[in-house]
Amino acid sequence: MPKPEENCPKCMGTGHIEKVSEGPHPPVFERCSCVVHKDVIANVERGMPGLSKFSKIEKSGFIEKLNENLWITAGNNFLRHLRHVMIRQPPSYFFKVVSDAELVTAWLSSISLKGGEIHDADAYMVSTRFMTIPDLVVPPDLVILRMGVKVARNSAAPEVLAEAINTRFHEGKPTWVWDEPSHPLNSGHLFWSGDVARTLTHFERIQKKSSSKVSQSNTSTTATISSVSGSGSRKSLR
Ligand SMILES: [Zn+2]
């Protein structure tokens, strides 16, 4: 539970404000926005440590894509969009940025649980706690798969990625696959395979055009995603 702002002009540091209501019933209190805001920041940091620190942008078309499967090729600027979108979600919204390296680690864990032998340079990262791919990717409302983190080669990498995506698909939950223009997900990528390619054909493709704009390429008109209305229906905190 976050602490209220001591000098908050709305709640005077109590963390709650009286709801304006008509009629003679006992007063109803709700949590002050200063507390809710801290909750939101904590939630953003749970989804990806450090994300709330990225700089502000005015709007992002991604805010309307929360329920879509997206394949996004963009540089680090994408994280500013992600911050923009997630800071506008309620604290109960569960999103998680999962790296390709974490996927392989989870897969290796499940092998070691079955008593198998591990051949991977990243095997030292395999934790003893129970964490399989479904454990990792099923719970969140939205998973953002961050590609390009894993460097050590593992021949199972593409299967692991396809399994993660298909598991989400099976659960009926959206996934954003994010690769970088400098290291695109294609035949030269550690996680690429025909299966992965087939899985991704169902994803809306969003490619970065320049350093400041991200564009959509699955339509004949290339609209910049930042020009798509990003007001959203939820009350924004910033
Ligand atoms: Zn307050």
# chains A, B, ... in the order shown; residues from 1 in each chain; ligands from 1
>>> residues_around(residues="range 158-166 of chain A", least_positions_apart="2", cutoff="6 Å", atoms="only C-alpha atoms", output="PDB file with C-alpha atoms, in the first residue's frame")
ATOM      1  CA  ALA A 156      15.579 -24.856 -29.275  1.00  0.00           C
ATOM      2  CA  ARG A 168      -0.859 -17.033 -25.261  1.00  0.00           C
ATOM      3  CA  PHE A 169      -2.918 -17.571 -28.389  1.00  0.00           C
ATOM      4  CA  HIS A 170      -4.532 -20.639 -26.836  1.00  0.00           C
ATOM      5  CA  PHE A 191      14.733 -17.287 -32.606  1.00  0.00           C
ATOM      6  CA  TRP A 192      13.596 -17.485 -36.235  1.00  0.00           C
ATOM      7  CA  SER A 193      12.060 -20.533 -37.863  1.00  0.00           C
ATOM      8  CA  VAL A 196       7.685 -18.714 -35.871  1.00  0.00           C
TER       9      VAL A 196
END
>>> residues_near_ligand(ligand="ligand 1", cutoff="9 Å", atoms="only C-alpha atoms and all ligand atoms", output="PDB file with N, CA and C atoms, in the first residue's frame")
ATOM      1  N   PRO A   4       0.234   8.073   1.182  1.00  0.00           N
ATOM      2  CA  PRO A   4      -0.256   9.295   0.521  1.00  0.00           C
ATOM      3  C   PRO A   4       0.789  10.404   0.575  1.00  0.00           C
ATOM      4  N   GLU A   5       0.640  11.366  -0.336  1.00  0.00           N
ATOM      5  CA  GLU A   5       1.520  12.538  -0.325  1.00  0.00           C
ATOM      6  C   GLU A   5       1.216  13.364   0.921  1.00  0.00           C
ATOM      7  N   GLU A   6       2.255  13.678   1.672  1.00  0.00           N
ATOM      8  CA  GLU A   6       2.048  14.428   2.910  1.00  0.00           C
ATOM      9  C   GLU A   6       1.380  15.785   2.672  1.00  0.00           C
ATOM     10  N   ASN A   7       1.826  16.441   1.588  1.00  0.00           N
ATOM     11  CA  ASN A   7       1.311  17.791   1.320  1.00  0.00           C
ATOM     12  C   ASN A   7       0.242  17.798   0.225  1.00  0.00           C
ATOM     13  N   CYS A   8      -0.440  16.684   0.041  1.00  0.00           N
ATOM     14  CA  CYS A   8      -1.457  16.621  -1.008  1.00  0.00           C
ATOM     15  C   CYS A   8      -2.585  17.598  -0.696  1.00  0.00           C
ATOM     16  N   PRO A   9      -2.863  18.524  -1.627  1.00  0.00           N
ATOM     17  CA  PRO A   9      -3.917  19.511  -1.364  1.00  0.00           C
ATOM     18  C   PRO A   9      -5.319  18.895  -1.367  1.00  0.00           C
ATOM     19  N   LYS A  10      -5.445  17.701  -1.976  1.00  0.00           N
ATOM     20  CA  LYS A  10      -6.786  17.098  -2.076  1.00  0.00           C
ATOM     21  C   LYS A  10      -7.164  16.338  -0.804  1.00  0.00           C
ATOM     22  N   CYS A  11      -6.231  15.541  -0.292  1.00  0.00           N
ATOM     23  CA  CYS A  11      -6.564  14.679   0.849  1.00  0.00           C
ATOM     24  C   CYS A  11      -5.871  15.115   2.131  1.00  0.00           C
ATOM     25  N   MET A  12      -5.038  16.145   2.066  1.00  0.00           N
ATOM     26  CA  MET A  12      -4.292  16.641   3.230  1.00  0.00           C
ATOM     27  C   MET A  12      -3.449  15.533   3.870  1.00  0.00           C
ATOM     28  N   GLY A  13      -2.995  14.634   3.031  1.00  0.00           N
ATOM     29  CA  GLY A  13      -2.106  13.588   3.540  1.00  0.00           C
ATOM     30  C   GLY A  13      -2.806  12.382   4.146  1.00  0.00           C
ATOM     31  N   THR A  14      -4.136  12.354   4.060  1.00  0.00           N
ATOM     32  CA  THR A  14      -4.856  11.211   4.643  1.00  0.00           C
ATOM     33  C   THR A  14      -4.956  10.039   3.666  1.00  0.00           C
ATOM     34  N   GLY A  15      -4.851  10.334   2.361  1.00  0.00           N
ATOM     35  CA  GLY A  15      -4.920   9.269   1.363  1.00  0.00           C
ATOM     36  C   GLY A  15      -6.336   8.966   0.898  1.00  0.00           C
ATOM     37  N   HIS A  16      -7.327   9.610   1.496  1.00  0.00           N
ATOM     38  CA  HIS A  16      -8.693   9.390   1.003  1.00  0.00           C
ATOM     39  C   HIS A  16      -9.483  10.691   0.989  1.00  0.00           C
ATOM     40  N   ILE A  17     -10.438  10.749   0.113  1.00  0.00           N
ATOM     41  CA  ILE A  17     -11.283  11.938   0.027  1.00  0.00           C
ATOM     42  C   ILE A  17     -12.748  11.523   0.079  1.00  0.00           C
ATOM     43  N   ARG A  31     -10.193   6.478  -2.445  1.00  0.00           N
ATOM     44  CA  ARG A  31      -8.754   6.717  -2.351  1.00  0.00           C
ATOM     45  C   ARG A  31      -8.391   7.952  -3.164  1.00  0.00           C
ATOM     46  N   CYS A  32      -7.505   8.741  -2.615  1.00  0.00           N
ATOM     47  CA  CYS A  32      -7.088   9.974  -3.286  1.00  0.00           C
ATOM     48  C   CYS A  32      -6.212   9.638  -4.494  1.00  0.00           C
ATOM     49  N   SER A  33      -6.241  10.531  -5.493  1.00  0.00           N
ATOM     50  CA  SER A  33      -5.454  10.290  -6.708  1.00  0.00           C
ATOM     51  C   SER A  33      -3.953  10.207  -6.423  1.00  0.00           C
ATOM     52  N   CYS A  34      -3.496  10.838  -5.322  1.00  0.00           N
ATOM     53  CA  CYS A  34      -2.060  10.774  -5.025  1.00  0.00           C
ATOM     54  C   CYS A  34      -1.650   9.345  -4.675  1.00  0.00           C
ATOM     55  N   VAL A  35      -2.555   8.586  -4.052  1.00  0.00           N
ATOM     56  CA  VAL A  35      -2.267   7.191  -3.713  1.00  0.00           C
ATOM     57  C   VAL A  35      -2.419   6.311  -4.956  1.00  0.00           C
ATOM     58  N   VAL A  36      -3.501   6.583  -5.711  1.00  0.00           N
ATOM     59  CA  VAL A  36      -3.745   5.796  -6.920  1.00  0.00           C
ATOM     60  C   VAL A  36      -2.573   5.944  -7.887  1.00  0.00           C
TER      61      VAL A  36
END
>>> atom_distance(atom1="CA of Ile206 in chain A", atom2="CA of Ile72 in chain A")
4.7 Å
>>> atom_distance(atom1="CA of Pro139 in chain A", atom2="CA of Ser99 in chain A")
15.8 Å
>>> closest_residue(among="A:Asp39, A:Glu204, A:Glu30, A:Glu68", to="Val143 in chain A", atoms="only C-alpha atoms")
A:Glu68
>>> closest_atom_pairs(of="range 156-216 of chain A", to="range 44-67 of chain A", cutoff="9 Å", atoms="only C-alpha atoms", output="CSV")
residue,atom,partner,partner_atom,distance
A:Lys173,CA,A:Asn67,CA,7.5
A:Pro174,CA,A:Asn67,CA,5.5
A:Thr175,CA,A:Asn67,CA,8.3
A:Trp176,CA,A:Leu66,CA,8.9
>>> select_by_dssp(residues="range 44-150 of chain A", states="strand (DSSP E)", output="CSV table (one decimal) with N, CA and C atoms, in the first residue's frame")
chain,number,residue,atom,x,y,z
A,70,LEU,N,0.5,-7.9,-31.8
A,70,LEU,CA,1.3,-7.0,-32.6
A,70,LEU,C,2.7,-7.6,-32.8
A,71,TRP,N,3.3,-7.3,-33.9
A,71,TRP,CA,4.7,-7.6,-34.1
A,71,TRP,C,5.3,-6.2,-34.4
A,72,ILE,N,6.0,-5.7,-33.5
A,72,ILE,CA,6.5,-4.4,-33.5
A,72,ILE,C,8.1,-4.4,-33.7
A,73,THR,N,8.5,-3.7,-34.8
A,73,THR,CA,9.9,-3.5,-35.0
A,73,THR,C,10.2,-2.1,-34.8
A,95,PHE,N,0.5,-6.4,-17.0
A,95,PHE,CA,1.3,-6.6,-18.2
A,95,PHE,C,2.7,-7.0,-17.8
A,96,LYS,N,3.4,-7.6,-18.7
A,96,LYS,CA,4.8,-8.0,-18.4
A,96,LYS,C,5.7,-8.0,-19.6
A,97,VAL,N,6.8,-7.4,-19.5
A,97,VAL,CA,7.8,-7.4,-20.5
A,97,VAL,C,8.7,-8.6,-20.2
A,98,VAL,N,8.7,-9.6,-21.1
A,98,VAL,CA,9.5,-10.9,-20.9
A,98,VAL,C,10.5,-10.9,-22.0
A,99,SER,N,11.8,-11.1,-21.7
A,99,SER,CA,12.8,-11.2,-22.7
A,99,SER,C,12.9,-12.6,-23.3
A,142,LEU,N,-1.4,-8.8,-20.8
A,142,LEU,CA,-0.6,-8.5,-22.0
A,142,LEU,C,0.9,-8.9,-21.7
A,143,VAL,N,1.4,-9.7,-22.7
A,143,VAL,CA,2.8,-10.0,-22.6
A,143,VAL,C,3.5,-9.3,-23.7
A,144,ILE,N,4.6,-8.6,-23.4
A,144,ILE,CA,5.5,-8.0,-24.5
A,144,ILE,C,6.8,-8.8,-24.5
A,145,LEU,N,7.0,-9.5,-25.6
A,145,LEU,CA,8.2,-10.4,-25.8
A,145,LEU,C,9.3,-9.5,-26.4
A,146,ARG,N,10.3,-9.3,-25.6
A,146,ARG,CA,11.4,-8.4,-26.0
A,146,ARG,C,12.5,-9.3,-26.6
>>> select_by_dssp(residues="range 14-135 of chain A", states="alpha helix (DSSP H)", output="PyMOL selection string")
chain A and resi 33-47+78-86+100-113+133-135
>>> write_last_selection(atoms="N, CA and C atoms", output="short mmCIF file (atom, residue, chain, number, x, y, z; two decimals), in the first residue's frame")
data_model
loop_
_atom_site.label_atom_id
_atom_site.label_comp_id
_atom_site.auth_asym_id
_atom_site.auth_seq_id
_atom_site.Cartn_x
_atom_site.Cartn_y
_atom_site.Cartn_z
N SER A 33 -6.24 10.53 -5.49
CA SER A 33 -5.45 10.29 -6.71
C SER A 33 -3.95 10.21 -6.42
N CYS A 34 -3.50 10.84 -5.32
CA CYS A 34 -2.06 10.77 -5.02
C CYS A 34 -1.65 9.34 -4.67
N VAL A 35 -2.55 8.59 -4.05
CA VAL A 35 -2.27 7.19 -3.71
C VAL A 35 -2.42 6.31 -4.96
N VAL A 36 -3.50 6.58 -5.71
CA VAL A 36 -3.74 5.80 -6.92
C VAL A 36 -2.57 5.94 -7.89
N HIS A 37 -2.05 7.18 -7.99
CA HIS A 37 -0.94 7.43 -8.90
C HIS A 37 0.28 6.58 -8.50
N LYS A 38 0.57 6.50 -7.23
CA LYS A 38 1.70 5.68 -6.77
C LYS A 38 1.47 4.20 -7.07
N ASP A 39 0.22 3.78 -6.93
CA ASP A 39 -0.14 2.40 -7.27
C ASP A 39 0.14 2.11 -8.74
N VAL A 40 -0.22 3.07 -9.58
CA VAL A 40 -0.03 2.91 -11.03
C VAL A 40 1.46 2.82 -11.35
N ILE A 41 2.26 3.70 -10.75
CA ILE A 41 3.70 3.68 -10.98
C ILE A 41 4.27 2.32 -10.54
N ALA A 42 3.83 1.85 -9.39
CA ALA A 42 4.32 0.56 -8.88
C ALA A 42 3.96 -0.56 -9.86
N ASN A 43 2.76 -0.46 -10.43
CA ASN A 43 2.32 -1.48 -11.40
C ASN A 43 3.16 -1.43 -12.67
N VAL A 44 3.48 -0.22 -13.13
CA VAL A 44 4.31 -0.06 -14.34
C VAL A 44 5.70 -0.66 -14.09
N GLU A 45 6.22 -0.43 -12.89
CA GLU A 45 7.55 -0.96 -12.55
C GLU A 45 7.53 -2.48 -12.40
N ARG A 46 6.39 -3.04 -11.99
CA ARG A 46 6.27 -4.50 -11.91
C ARG A 46 6.33 -5.10 -13.31
N GLY A 47 5.71 -4.39 -14.26
CA GLY A 47 5.68 -4.88 -15.64
C GLY A 47 7.04 -4.85 -16.30
N PHE A 78 10.28 2.79 -28.47
CA PHE A 78 9.05 2.02 -28.20
C PHE A 78 8.74 2.03 -26.70
N LEU A 79 9.79 2.04 -25.87
CA LEU A 79 9.56 2.00 -24.43
C LEU A 79 8.88 3.27 -23.92
N ARG A 80 9.07 4.38 -24.64
CA ARG A 80 8.35 5.60 -24.26
C ARG A 80 6.86 5.43 -24.56
N HIS A 81 6.57 4.77 -25.68
CA HIS A 81 5.17 4.47 -26.00
C HIS A 81 4.57 3.54 -24.95
N LEU A 82 5.37 2.54 -24.59
CA LEU A 82 4.88 1.55 -23.62
C LEU A 82 4.58 2.22 -22.27
N ARG A 83 5.48 3.10 -21.87
CA ARG A 83 5.26 3.83 -20.62
C ARG A 83 3.96 4.65 -20.71
N HIS A 84 3.80 5.35 -21.85
CA HIS A 84 2.62 6.18 -22.07
C HIS A 84 1.34 5.35 -21.92
N VAL A 85 1.34 4.18 -22.51
CA VAL A 85 0.15 3.33 -22.50
C VAL A 85 -0.09 2.76 -21.09
N MET A 86 0.95 2.25 -20.47
CA MET A 86 0.77 1.53 -19.21
C MET A 86 0.46 2.44 -18.02
N ASP A 100 13.46 -12.62 -24.51
CA ASP A 100 13.65 -13.94 -25.14
C ASP A 100 14.55 -14.81 -24.27
N ALA A 101 15.51 -14.17 -23.58
CA ALA A 101 16.40 -14.93 -22.70
C ALA A 101 15.63 -15.56 -21.54
N GLU A 102 14.67 -14.81 -21.00
CA GLU A 102 13.85 -15.36 -19.91
C GLU A 102 13.02 -16.55 -20.38
N LEU A 103 12.54 -16.48 -21.63
CA LEU A 103 11.76 -17.59 -22.18
C LEU A 103 12.60 -18.86 -22.20
N VAL A 104 13.82 -18.73 -22.70
CA VAL A 104 14.69 -19.91 -22.80
C VAL A 104 15.04 -20.42 -21.41
N THR A 105 15.27 -19.49 -20.48
CA THR A 105 15.58 -19.89 -19.11
C THR A 105 14.42 -20.68 -18.50
N ALA A 106 13.19 -20.21 -18.77
CA ALA A 106 12.01 -20.91 -18.25
C ALA A 106 11.91 -22.31 -18.85
N TRP A 107 12.20 -22.37 -20.14
CA TRP A 107 12.14 -23.66 -20.83
C TRP A 107 13.20 -24.61 -20.27
N LEU A 108 14.40 -24.07 -20.02
CA LEU A 108 15.48 -24.87 -19.45
C LEU A 108 15.11 -25.36 -18.05
N SER A 109 14.41 -24.50 -17.30
CA SER A 109 13.97 -24.90 -15.96
C SER A 109 13.08 -26.12 -16.03
N SER A 110 12.15 -26.09 -17.00
CA SER A 110 11.22 -27.21 -17.08
C SER A 110 11.96 -28.49 -17.47
N ILE A 111 13.03 -28.34 -18.25
CA ILE A 111 13.83 -29.52 -18.59
C ILE A 111 14.57 -30.04 -17.36
N SER A 112 15.15 -29.12 -16.60
CA SER A 112 15.91 -29.55 -15.42
C SER A 112 14.98 -30.17 -14.38
N LEU A 113 13.72 -29.69 -14.36
CA LEU A 113 12.74 -30.28 -13.43
C LEU A 113 12.45 -31.72 -13.79
N ILE A 133 7.38 -22.11 -19.11
CA ILE A 133 6.87 -21.09 -20.05
C ILE A 133 5.42 -20.71 -19.72
N PRO A 134 4.52 -21.68 -19.50
CA PRO A 134 3.16 -21.27 -19.12
C PRO A 134 3.12 -20.45 -17.83
N ASP A 135 3.95 -20.82 -16.85
CA ASP A 135 4.00 -20.03 -15.61
C ASP A 135 4.34 -18.58 -15.91
#
>>> closest_residue(among="A:Arg205, A:His25, A:Thr199, A:Thr167", to="Leu136 in chain A", atoms="only C-alpha atoms")
A:Thr167
